[in-house]
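Pasted below: query_9.tsv, TSV, C-alpha atoms.
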```
chain	number	residue	atom	x	y	z
A	1	MET	CA	29.32	-18.64	-47.35
A	2	HIS	CA	28.22	-21.71	-45.38
A	3	LEU	CA	29.73	-22.73	-42.00
A	4	LEU	CA	29.22	-26.02	-40.19
A	5	VAL	CA	29.48	-25.76	-36.38
A	6	VAL	CA	30.18	-29.05	-34.58
A	7	LEU	CA	29.34	-28.98	-30.90
A	8	GLU	CA	29.38	-31.46	-28.02
A	9	ASP	CA	27.74	-29.06	-25.55
A	10	ARG	CA	23.98	-28.72	-25.18
A	11	ILE	CA	22.83	-25.28	-26.27
A	12	SER	CA	19.79	-25.69	-24.00
A	13	ASP	CA	22.22	-25.82	-21.05
A	14	TRP	CA	23.75	-22.54	-22.20
A	15	SER	CA	20.25	-21.04	-22.36
A	16	ALA	CA	19.44	-22.19	-18.82
A	17	LYS	CA	22.55	-20.38	-17.55
A	18	GLY	CA	21.91	-17.25	-19.63
A	19	GLU	CA	25.04	-17.83	-21.72
A	20	ILE	CA	23.65	-16.93	-25.13
A	21	LEU	CA	25.74	-14.35	-26.95
A	22	GLU	CA	24.44	-12.61	-30.05
A	23	GLY	CA	26.26	-13.86	-33.15
A	24	TYR	CA	28.49	-16.21	-31.17
A	25	PHE	CA	28.62	-18.75	-34.02
A	26	ASN	CA	28.92	-16.06	-36.69
A	27	PRO	CA	31.96	-13.89	-35.96
A	28	ASP	CA	31.97	-10.59	-37.81
A	29	ALA	CA	28.70	-11.73	-39.49
A	30	ALA	CA	30.91	-13.55	-42.00
A	31	PHE	CA	28.47	-16.34	-42.93
A	32	GLU	CA	25.11	-16.34	-44.69
A	33	THR	CA	24.27	-19.93	-43.72
A	34	ILE	CA	25.19	-21.85	-40.57
A	35	THR	CA	24.42	-25.49	-39.86
A	36	ILE	CA	24.88	-26.57	-36.25
A	37	LEU	CA	25.58	-30.26	-35.68
A	38	GLY	CA	24.84	-31.02	-32.03
A	39	LEU	CA	26.46	-34.33	-31.19
A	40	VAL	CA	24.41	-35.15	-28.07
A	41	ALA	CA	20.64	-35.06	-27.74
A	42	ASP	CA	19.30	-31.51	-27.54
A	43	ALA	CA	16.45	-29.42	-28.93
A	44	PRO	CA	17.28	-25.71	-28.64
A	45	ASP	CA	14.52	-23.33	-29.67
A	46	SER	CA	14.66	-21.46	-32.95
A	47	ALA	CA	14.90	-18.04	-31.31
A	48	THR	CA	18.06	-19.06	-29.44
A	49	LEU	CA	19.63	-20.47	-32.60
A	50	ALA	CA	18.80	-17.27	-34.46
A	51	ARG	CA	20.57	-15.22	-31.80
A	52	LEU	CA	23.67	-17.42	-31.87
A	53	CYS	CA	23.90	-17.39	-35.67
A	54	GLY	CA	22.55	-13.94	-36.50
A	55	PRO	CA	22.18	-12.62	-39.12
A	56	ALA	CA	22.77	-15.94	-40.91
A	57	HIS	CA	20.08	-18.43	-41.86
A	58	CYS	CA	20.57	-21.38	-39.50
A	59	ARG	CA	19.42	-24.92	-38.89
A	60	TYR	CA	20.13	-27.42	-36.13
A	61	ILE	CA	20.82	-31.15	-36.46
A	62	SER	CA	20.86	-33.35	-33.35
A	63	ALA	CA	23.00	-36.47	-33.81
A	64	GLU	CA	21.86	-37.82	-30.40
A	65	ILE	CA	25.08	-39.70	-29.73
A	66	ASP	CA	25.14	-41.71	-26.51
A	67	ARG	CA	28.65	-41.04	-25.20
A	68	ARG	CA	28.76	-44.10	-22.96
A	69	TYR	CA	27.68	-46.44	-25.77
A	70	LEU	CA	30.13	-44.75	-28.13
A	71	ALA	CA	33.04	-45.30	-25.72
A	72	LEU	CA	32.13	-48.99	-25.32
A	73	SER	CA	31.53	-49.66	-29.01
A	74	THR	CA	34.81	-48.02	-30.06
A	75	VAL	CA	36.90	-49.77	-27.37
A	76	GLY	CA	37.72	-46.56	-25.56
A	77	LEU	CA	37.25	-43.95	-28.32
A	78	ARG	CA	39.84	-45.24	-30.80
A	79	TYR	CA	39.99	-42.99	-33.84
A	80	GLY	CA	39.69	-45.73	-36.47
A	81	LEU	CA	36.64	-47.23	-34.80
A	82	LEU	CA	35.16	-43.77	-34.24
A	83	SER	CA	35.53	-43.09	-37.97
A	84	ARG	CA	33.35	-46.09	-38.74
A	85	SER	CA	30.91	-45.45	-35.91
A	86	MET	CA	30.43	-41.77	-36.84
A	87	ARG	CA	30.45	-42.09	-40.63
A	88	HIS	CA	26.68	-41.49	-40.61
A	89	LEU	CA	27.22	-37.87	-39.59
A	90	LYS	CA	28.07	-36.87	-43.16
A	91	ALA	CA	24.73	-38.29	-44.30
A	92	ARG	CA	22.94	-35.90	-41.92
A	93	LEU	CA	24.22	-32.98	-43.98
A	94	ASP	CA	22.25	-32.24	-47.13
A	95	ALA	CA	23.61	-31.61	-50.63
A	96	ASN	CA	24.38	-28.01	-49.69
A	97	LEU	CA	27.69	-28.83	-48.00
A	98	PRO	CA	29.51	-26.11	-46.04
A	99	GLN	CA	32.73	-24.48	-47.20
A	100	VAL	CA	34.35	-24.71	-43.75
A	101	ILE	CA	33.83	-26.44	-40.40
A	102	ARG	CA	34.42	-25.10	-36.89
A	103	ALA	CA	34.46	-27.53	-33.98
A	104	TYR	CA	34.17	-26.29	-30.40
A	105	GLY	CA	36.18	-27.95	-27.64
A	106	ASP	CA	38.98	-30.48	-27.23
A	107	GLY	CA	36.65	-33.47	-27.18
A	108	LEU	CA	34.12	-35.21	-29.34
A	109	GLY	CA	33.48	-32.07	-31.39
A	110	ALA	CA	37.07	-31.98	-32.63
A	111	ILE	CA	37.01	-35.71	-33.43
A	112	ALA	CA	33.69	-35.52	-35.31
A	113	ALA	CA	34.85	-32.52	-37.34
A	114	SER	CA	38.02	-34.35	-38.29
A	115	ILE	CA	36.06	-37.42	-39.40
A	116	ILE	CA	33.67	-35.31	-41.51
A	117	ALA	CA	36.66	-33.51	-43.05
A	118	ASP	CA	38.28	-36.85	-43.87
A	119	GLN	CA	35.11	-37.91	-45.69
A	120	THR	CA	34.36	-34.67	-47.51
A	121	GLY	CA	37.63	-32.80	-47.94
A	122	ILE	CA	36.10	-29.73	-46.26
A	123	PRO	CA	38.69	-27.71	-44.26
A	124	PHE	CA	38.09	-27.47	-40.53
A	125	ALA	CA	39.24	-25.49	-37.51
A	126	VAL	CA	39.05	-26.45	-33.85
A	127	SER	CA	38.32	-23.85	-31.17
A	128	LEU	CA	39.91	-24.74	-27.80
A	129	HIS	CA	38.30	-23.30	-24.67
A	130	THR	CA	39.93	-25.29	-21.85
A	131	THR	CA	43.52	-25.22	-20.61
A	132	PRO	CA	44.50	-28.92	-20.40
A	133	ASP	CA	46.69	-28.57	-17.31
A	134	PRO	CA	46.74	-32.13	-15.90
A	135	LEU	CA	47.38	-30.98	-12.33
A	136	ILE	CA	44.45	-28.56	-12.35
A	137	GLN	CA	42.19	-31.13	-13.99
A	138	SER	CA	43.09	-33.78	-11.41
A	139	ARG	CA	42.15	-31.35	-8.62
A	140	PHE	CA	38.94	-29.87	-9.97
A	141	LEU	CA	37.33	-32.06	-12.65
A	142	GLU	CA	34.83	-34.73	-11.71
A	143	PHE	CA	36.07	-38.32	-11.96
A	144	LYS	CA	33.87	-39.18	-14.96
A	145	ASP	CA	35.14	-36.12	-16.84
A	146	ARG	CA	38.76	-37.07	-16.18
A	147	ILE	CA	38.11	-40.61	-17.45
A	148	TRP	CA	36.38	-39.33	-20.59
A	149	ARG	CA	39.23	-36.92	-21.35
A	150	ARG	CA	41.79	-39.67	-20.85
A	151	LEU	CA	39.95	-42.01	-23.20
A	152	ALA	CA	39.52	-39.31	-25.83
A	153	GLN	CA	43.04	-37.88	-25.65
A	154	SER	CA	44.67	-39.95	-28.41
A	155	SER	CA	41.82	-39.35	-30.86
A	156	VAL	CA	41.66	-35.64	-29.98
A	157	MET	CA	45.40	-35.28	-30.65
A	158	ARG	CA	44.93	-36.96	-34.02
A	159	ALA	CA	42.05	-34.61	-34.81
A	160	LEU	CA	44.14	-31.56	-33.86
A	161	ARG	CA	46.99	-32.72	-36.07
A	162	ASN	CA	44.48	-33.21	-38.86
A	163	ALA	CA	42.98	-29.74	-38.35
A	164	ASP	CA	43.62	-26.99	-40.88
A	165	GLY	CA	43.50	-24.34	-38.17
A	166	ILE	CA	43.31	-24.14	-34.37
A	167	ILE	CA	42.07	-21.29	-32.19
A	168	ALA	CA	42.97	-21.08	-28.50
A	169	VAL	CA	40.90	-18.56	-26.55
A	170	TYR	CA	43.50	-18.38	-23.72
A	171	SER	CA	47.26	-18.23	-24.26
A	172	PRO	CA	48.05	-20.88	-21.57
A	173	ILE	CA	46.29	-23.49	-23.71
A	174	LYS	CA	49.30	-23.50	-26.05
A	175	ASP	CA	51.63	-24.39	-23.17
A	176	TYR	CA	50.02	-27.84	-22.89
A	177	LEU	CA	49.84	-28.72	-26.58
A	178	PRO	CA	52.47	-30.79	-28.41
A	179	LEU	CA	54.90	-28.51	-30.24
A	180	ASP	CA	53.64	-29.37	-33.73
A	181	ILE	CA	50.05	-28.57	-32.73
A	182	ALA	CA	50.99	-25.42	-30.78
A	183	ALA	CA	52.89	-24.13	-33.83
A	184	LYS	CA	49.68	-23.86	-35.88
A	185	THR	CA	47.53	-22.55	-33.02
A	186	GLN	CA	46.43	-18.91	-32.98
A	187	VAL	CA	45.39	-17.22	-29.74
A	188	ILE	CA	42.14	-15.36	-30.45
A	189	PRO	CA	40.17	-14.31	-27.36
A	190	ASN	CA	36.50	-15.05	-26.86
A	191	VAL	CA	34.12	-12.61	-28.47
A	192	VAL	CA	32.16	-10.99	-25.64
A	193	GLY	CA	28.93	-9.03	-25.33
A	194	ILE	CA	30.38	-5.57	-24.60
A	195	ARG	CA	30.08	-2.91	-27.30
A	196	GLU	CA	32.20	0.21	-27.74
A	197	ASP	CA	29.34	2.45	-26.63
A	198	ALA	CA	28.81	0.43	-23.42
A	199	ALA	CA	28.64	2.38	-20.16
A	200	ARG	CA	31.75	2.42	-17.97
A	201	SER	CA	31.75	2.06	-14.20
A	202	THR	CA	32.10	5.46	-12.49
A	203	ARG	CA	30.45	4.73	-9.18
A	204	GLY	CA	31.89	6.40	-6.11
A	205	GLY	CA	29.95	4.49	-3.43
A	206	PRO	CA	29.15	3.80	-0.67
A	207	PRO	CA	28.19	1.07	-0.47
A	208	LEU	CA	31.02	-0.54	-2.38
A	209	LYS	CA	29.38	-2.97	-4.81
A	210	LEU	CA	31.22	-6.16	-5.73
A	211	ILE	CA	30.20	-8.65	-8.40
A	212	TRP	CA	31.10	-12.34	-8.80
A	213	LEU	CA	30.32	-14.02	-12.15
A	214	SER	CA	31.02	-17.73	-12.22
A	215	ARG	CA	29.70	-21.17	-11.49
A	216	GLN	CA	30.30	-22.04	-7.85
A	217	MET	CA	32.32	-25.25	-7.93
A	218	LEU	CA	35.65	-26.78	-6.99
A	219	GLY	CA	38.23	-24.37	-8.32
A	220	ARG	CA	35.74	-21.47	-8.26
A	221	ASP	CA	34.73	-21.17	-4.62
A	222	PRO	CA	33.09	-17.86	-3.58
A	223	ARG	CA	33.15	-18.58	0.16
A	224	PRO	CA	36.40	-16.69	0.95
A	225	VAL	CA	34.83	-13.60	-0.66
A	226	ILE	CA	31.59	-14.07	1.30
A	227	ALA	CA	33.51	-14.53	4.55
A	228	ALA	CA	35.38	-11.26	3.93
A	229	LEU	CA	32.10	-9.32	3.93
A	230	SER	CA	31.36	-10.15	7.57
A	231	GLU	CA	33.90	-7.46	8.56
A	232	LEU	CA	32.96	-4.99	5.82
A	233	PRO	CA	29.53	-3.56	6.68
A	234	ASP	CA	29.56	-1.02	3.82
A	235	VAL	CA	30.07	-3.61	1.09
A	236	GLU	CA	27.50	-5.45	-1.03
A	237	LEU	CA	28.06	-8.48	-3.24
A	238	THR	CA	26.09	-9.70	-6.25
A	239	LEU	CA	26.71	-13.42	-6.69
A	240	VAL	CA	25.80	-14.62	-10.19
A	241	GLY	CA	25.92	-18.31	-11.02
A	242	ASP	CA	24.92	-21.76	-9.87
A	243	GLY	CA	26.86	-24.98	-9.38
A	244	PRO	CA	27.82	-27.70	-6.90
A	245	LEU	CA	28.91	-25.19	-4.22
A	246	HIS	CA	25.88	-22.92	-4.62
A	247	GLN	CA	23.97	-24.27	-1.64
A	248	ALA	CA	27.09	-24.16	0.55
A	249	ALA	CA	27.53	-20.51	-0.43
A	250	ARG	CA	23.89	-19.78	0.43
A	251	ARG	CA	24.31	-21.42	3.85
A	252	MET	CA	27.36	-19.28	4.59
A	253	ILE	CA	25.46	-16.15	3.59
A	254	SER	CA	22.70	-17.06	6.02
A	255	VAL	CA	25.03	-18.09	8.87
A	256	GLU	CA	27.06	-14.86	8.54
A	257	GLY	CA	23.86	-12.78	8.51
A	258	LEU	CA	24.59	-11.35	5.07
A	259	ASP	CA	21.23	-11.94	3.39
A	260	ASP	CA	20.60	-8.21	3.06
A	261	ARG	CA	24.03	-7.52	1.50
A	262	VAL	CA	24.63	-10.54	-0.74
A	263	HIS	CA	22.27	-10.71	-3.71
A	264	VAL	CA	22.12	-14.19	-5.24
A	265	LEU	CA	21.23	-14.60	-8.92
A	266	PRO	CA	21.59	-18.19	-10.16
A	267	ALA	CA	21.38	-17.15	-13.84
A	268	VAL	CA	21.28	-13.88	-15.79
A	269	GLU	CA	21.03	-13.41	-19.57
A	270	ASN	CA	24.38	-12.32	-21.00
A	271	GLU	CA	22.91	-9.11	-22.41
A	272	ASP	CA	21.43	-8.18	-19.02
A	273	LEU	CA	24.64	-9.16	-17.28
A	274	CYS	CA	26.70	-6.83	-19.45
A	275	ALA	CA	24.24	-4.03	-18.69
A	276	MET	CA	24.59	-4.73	-14.93
A	277	LEU	CA	28.37	-4.47	-14.81
A	278	PRO	CA	28.74	-0.65	-14.80
A	279	ASP	CA	26.47	-0.52	-11.73
A	280	HIS	CA	29.23	-2.24	-9.72
A	281	ASP	CA	32.61	-1.09	-8.44
A	282	VAL	CA	34.87	-4.16	-8.41
A	283	MET	CA	34.83	-7.67	-9.85
A	284	VAL	CA	36.02	-10.40	-7.49
A	285	LEU	CA	36.92	-13.96	-8.32
A	286	ASN	CA	38.62	-16.97	-6.79
A	287	SER	CA	39.73	-19.35	-9.52
A	288	GLY	CA	42.10	-22.30	-9.66
A	289	PHE	CA	42.06	-22.42	-13.47
A	290	ARG	CA	44.63	-20.98	-15.89
A	291	GLU	CA	42.29	-18.93	-18.01
A	292	MET	CA	40.86	-15.48	-18.60
A	293	PRO	CA	37.11	-16.10	-18.31
A	294	LYS	CA	34.79	-14.21	-20.63
A	295	SER	CA	33.18	-12.62	-17.58
A	296	VAL	CA	36.50	-11.07	-16.50
A	297	MET	CA	37.04	-9.68	-19.98
A	298	GLU	CA	33.53	-8.17	-19.96
A	299	ALA	CA	34.03	-6.60	-16.51
A	300	SER	CA	37.43	-5.23	-17.54
A	301	LEU	CA	35.99	-3.70	-20.71
A	302	CYS	CA	33.40	-1.94	-18.50
A	303	GLY	CA	36.18	-0.44	-16.38
A	304	LEU	CA	35.84	-2.53	-13.23
A	305	PRO	CA	39.02	-3.21	-11.23
A	306	ILE	CA	39.66	-6.97	-11.03
A	307	LEU	CA	40.47	-8.56	-7.66
A	308	VAL	CA	41.74	-12.13	-8.09
A	309	ASN	CA	43.69	-14.81	-6.22
A	310	ARG	CA	47.35	-14.70	-7.19
A	311	GLU	CA	47.88	-18.33	-8.18
A	312	PRO	CA	47.49	-19.24	-11.02
A	313	ALA	CA	46.21	-15.88	-12.34
A	314	GLU	CA	49.51	-14.04	-11.90
A	315	ASN	CA	51.20	-16.56	-14.20
A	316	THR	CA	48.47	-16.29	-16.86
A	317	ASN	CA	49.49	-13.88	-19.63
A	318	GLU	CA	46.05	-12.32	-20.03
A	319	TYR	CA	46.05	-10.97	-16.48
A	320	ARG	CA	49.29	-9.15	-17.27
A	321	TYR	CA	47.44	-7.04	-19.82
A	322	ILE	CA	45.39	-5.33	-17.11
A	323	SER	CA	46.09	-3.75	-13.73
A	324	ALA	CA	44.63	-6.66	-11.76
A	325	ILE	CA	44.92	-6.72	-7.97
A	326	PHE	CA	46.42	-10.04	-6.83
A	327	ILE	CA	45.79	-11.43	-3.36
A	328	ASP	CA	46.55	-14.80	-1.77
A	329	GLY	CA	42.95	-16.08	-1.85
A	330	ARG	CA	42.27	-16.23	1.91
A	331	ALA	CA	39.24	-14.41	3.28
A	332	GLU	CA	41.56	-11.99	5.10
A	333	SER	CA	43.31	-11.03	1.87
A	334	TYR	CA	39.99	-10.23	0.17
A	335	ARG	CA	38.93	-8.23	3.23
A	336	ASP	CA	42.14	-6.16	3.29
A	337	ALA	CA	42.19	-5.47	-0.45
A	338	ILE	CA	38.50	-4.49	-0.50
A	339	ARG	CA	39.00	-2.25	2.54
A	340	ASP	CA	41.91	-0.49	0.79
A	341	LEU	CA	39.74	0.18	-2.26
A	342	MET	CA	36.96	1.56	-0.03
A	343	ARG	CA	39.34	3.96	1.72
A	344	ASP	CA	40.81	5.33	-1.51
A	345	SER	CA	37.97	5.87	-3.97
A	346	GLU	CA	40.18	7.99	-6.23
A	347	ARG	CA	42.65	5.13	-6.62
A	348	ARG	CA	39.78	2.75	-7.33
A	349	LEU	CA	38.38	4.98	-10.07
A	350	THR	CA	41.83	5.47	-11.60
A	351	LEU	CA	42.43	1.74	-11.52
A	352	GLY	CA	39.08	1.17	-13.22
A	353	ARG	CA	39.89	3.64	-16.00
A	354	GLN	CA	43.28	2.01	-16.54
A	355	THR	CA	41.71	-1.45	-16.62
A	356	GLY	CA	39.12	-0.36	-19.16
A	357	GLU	CA	41.72	1.20	-21.48
A	358	GLN	CA	44.03	-1.80	-21.19
A	359	ALA	CA	41.19	-4.25	-21.82
A	360	TRP	CA	40.02	-2.45	-24.97
A	361	ASN	CA	43.59	-2.52	-26.28
A	362	ALA	CA	43.88	-6.25	-25.57
A	363	TRP	CA	40.39	-7.64	-26.24
A	364	ASN	CA	38.44	-5.35	-28.52
A	365	PRO	CA	35.45	-7.62	-29.33
A	366	GLN	CA	35.25	-6.36	-32.93
A	367	THR	CA	38.92	-7.18	-33.51
A	368	ALA	CA	38.58	-10.64	-31.97
A	369	GLY	CA	35.53	-11.40	-34.10
A	370	SER	CA	37.26	-10.21	-37.26
A	371	ARG	CA	40.33	-12.35	-36.57
A	372	ALA	CA	38.23	-15.49	-36.09
A	373	ALA	CA	36.20	-14.73	-39.22
A	374	ASP	CA	39.36	-14.07	-41.26
A	375	LEU	CA	40.81	-17.44	-40.24
A	376	LEU	CA	37.65	-19.33	-41.19
A	377	ARG	CA	37.25	-17.46	-44.49
A	378	ALA	CA	40.88	-18.12	-45.38
A	379	LEU	CA	40.43	-21.85	-44.74
A	380	ALA	CA	37.31	-21.91	-46.90
A	381	VAL	CA	39.17	-20.27	-49.80
A	382	ARG	CA	42.39	-22.26	-49.41
A	383	GLY	CA	40.83	-25.65	-48.85
A	384	ARG	CA	42.37	-28.53	-46.95
A	385	THR	CA	46.08	-28.65	-46.24
A	386	ARG	CA	45.76	-32.40	-45.84
A	387	CYS	CA	43.00	-34.94	-46.37
A	388	GLU	CA	43.34	-38.48	-45.10
```
Serialized structure, structure tokens:
Amino acid sequence: MHLLVVLEDRISDWSAKGEILEGYFNPDAAFETITILGLVADAPDSATLARLCGPAHCRYISAEIDRRYLALSTVGLRYGLLSRSMRHLKARLDANLPQVIRAYGDGLGAIAASIIADQTGIPFAVSLHTTPDPLIQSRFLEFKDRIWRRLAQSSVMRALRNADGIIAVYSPIKDYLPLDIAAKTQVIPNVVGIREDAARSTRGGPPLKLIWLSRQMLGRDPRPVIAALSELPDVELTLVGDGPLHQAARRMISVEGLDDRVHVLPAVENEDLCAMLPDHDVMVLNSGFREMPKSVMEASLCGLPILVNREPAENTNEYRYISAIFIDGRAESYRDAIRDLMRDSERRLTLGRQTGEQAWNAWNPQTAGSRAADLLRALAVRGRTRCE
């Protein structure tokens, strides 16, 4: 079976951040052939593509779309004009057309997949990975990203209505979709890099070893966690990720005299990251987004207790599946919660075991991969439910 992946992201950017997951584009190894249509200019190496598509035969097509020119030439990303402007995409596919299309993201990928489906009659699914909460986006997204999303919104909604299937990787995504679109949306969590035979965290400390896995940016600020360590001499932190706040975090580490206890890793390969997790005691995060990041799922599956700011995590369904520790997000609240876990190692280990069991019940990677594969296979067999 042949799958077409339509992607607005640059795979080379994923590689630079270590975010390459084996078989990510080929859930449950369901496809023998995968064509990746990258909409913006990119040239990922063949080894990376093989890992993403394994064990399928894969090829990559770069459409090299200039987003700014596209917005201008289509008078603000109007669907009808986009259909004419992007009609050449079909010609980039050879005679061996796919049986099904999967677009990633609520942006240009969804629109392009819809246009190709209109031209070919091939069924398509859209995979949504961002919770479109307008309040959160207004607080944390860069201005140019907010403008782009606003311009694309009408065409994206048309593409989603045109879609034969929709996957939401977080349940809150459905809360912000129109009712007719939400009704055909399935919540299927991200497939992650943890296997059933993965090691579980059983450390007893000291020192207590914390891990942070996230870009450091507005809405994901590690500085309250770093500040908490100044009063916790028997605690170490591994800070994984880069981003706009990375240098500010480094300055705080230096000013607080924490260079020997905070280990900074701008990027780590996903496979190595998963192997690192059991060597830590607690995962900490400070997030303003309504989501269950893949990194939290991976840490939970490894049996790490999760320490997270209460709002908006406490109102995100996925956090209710595990025994997460909610705090108010100030440095003092991280300090007090971490200190409590240090004083009661038995409670911490029990909490970790509970978290691991709960996470495997909720997010078994094999089950998630099978569900995504079943949806795509069913669309390929059934064909289009509509074709404009």
_Local residues around (27.2, -16.8, 5.2), at most 12 Å away, using only C-alpha atoms, as a ChimeraX atom specification_ = /A:222-231,237,246-264
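Among the candidates A:Arg78, A:Arg200, A:Arg382, A:Arg335, the one nearest to Trp360 of chain A when counting all atoms listed in the file is A:Arg200.
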*Show which residues sit within 8 Å of Ile61 of chain A, as JSON, numbers by chain. Count all atoms listed in the file, and ignore same-chain residues fewer than 4 positions away.*
{"A": [35, 36, 37, 38, 92]}
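Going from atom CA of Ser154 of chain A over to atom CA of Tyr69 of chain A, you cover 18.4 Å.
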*Using all atoms listed in the file, find the one residue out of A:Arg59, A:Arg377, A:Arg343, A:Lys294 that sits nearest to Ala359 of chain A.*
A:Lys294
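Candidate residues A:Leu135, A:Ala337, A:Val6, A:Val126 were compared for distance to Lys184 of chain A, and the nearest is A:Val126, using all atoms listed in the file.
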Closest-contact table, segment 276-374 of chain A side, partner segment 202-212 of chain A, 6 Å, counting all atoms listed in the file, as CSV:
```
residue,atom,partner,partner_atom,distance
A:His280,CA,A:Lys209,CA,5.0
A:Asp281,CA,A:Lys209,CA,5.2
A:Val282,CA,A:Leu210,CA,5.0
A:Met283,CA,A:Ile211,CA,4.9
A:Val284,CA,A:Trp212,CA,5.4
```
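As for atom CA of Ser287 of chain A and atom CA of Leu239 of chain A, they are spaced 14.6 Å apart.
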*Point out the residue among A:Ser83, A:Ala91, A:Leu351, A:Cys302 with the least atom-to-atom distance to Ala159 of chain A, counting all atoms listed in the file.*
A:Ser83
*May I have the residues within 7 Å of Ser155 of chain A as a list in words, using only C-alpha atoms and disregarding those fewer than 3 positions away in the same chain?*
Leu77, Arg78, Tyr79, Ile111, Ala152, Arg158 and Ala159 of chain A
*asked:* Give me, as a VMD selection string, all polymer residues having an atom no more than 6 Å from segment 13-22 of chain A, counting all atoms listed in the file and skipping those fewer than 4 positions away in the same chain.
replied: chain A and resid 51 to 52 267 to 270
_I want to know what sits within 9 Å of Val381 of chain A, based on all atoms listed in the file, with residues of the same chain fewer than 3 positions away left out; could you give that as a count of residues only?_
5
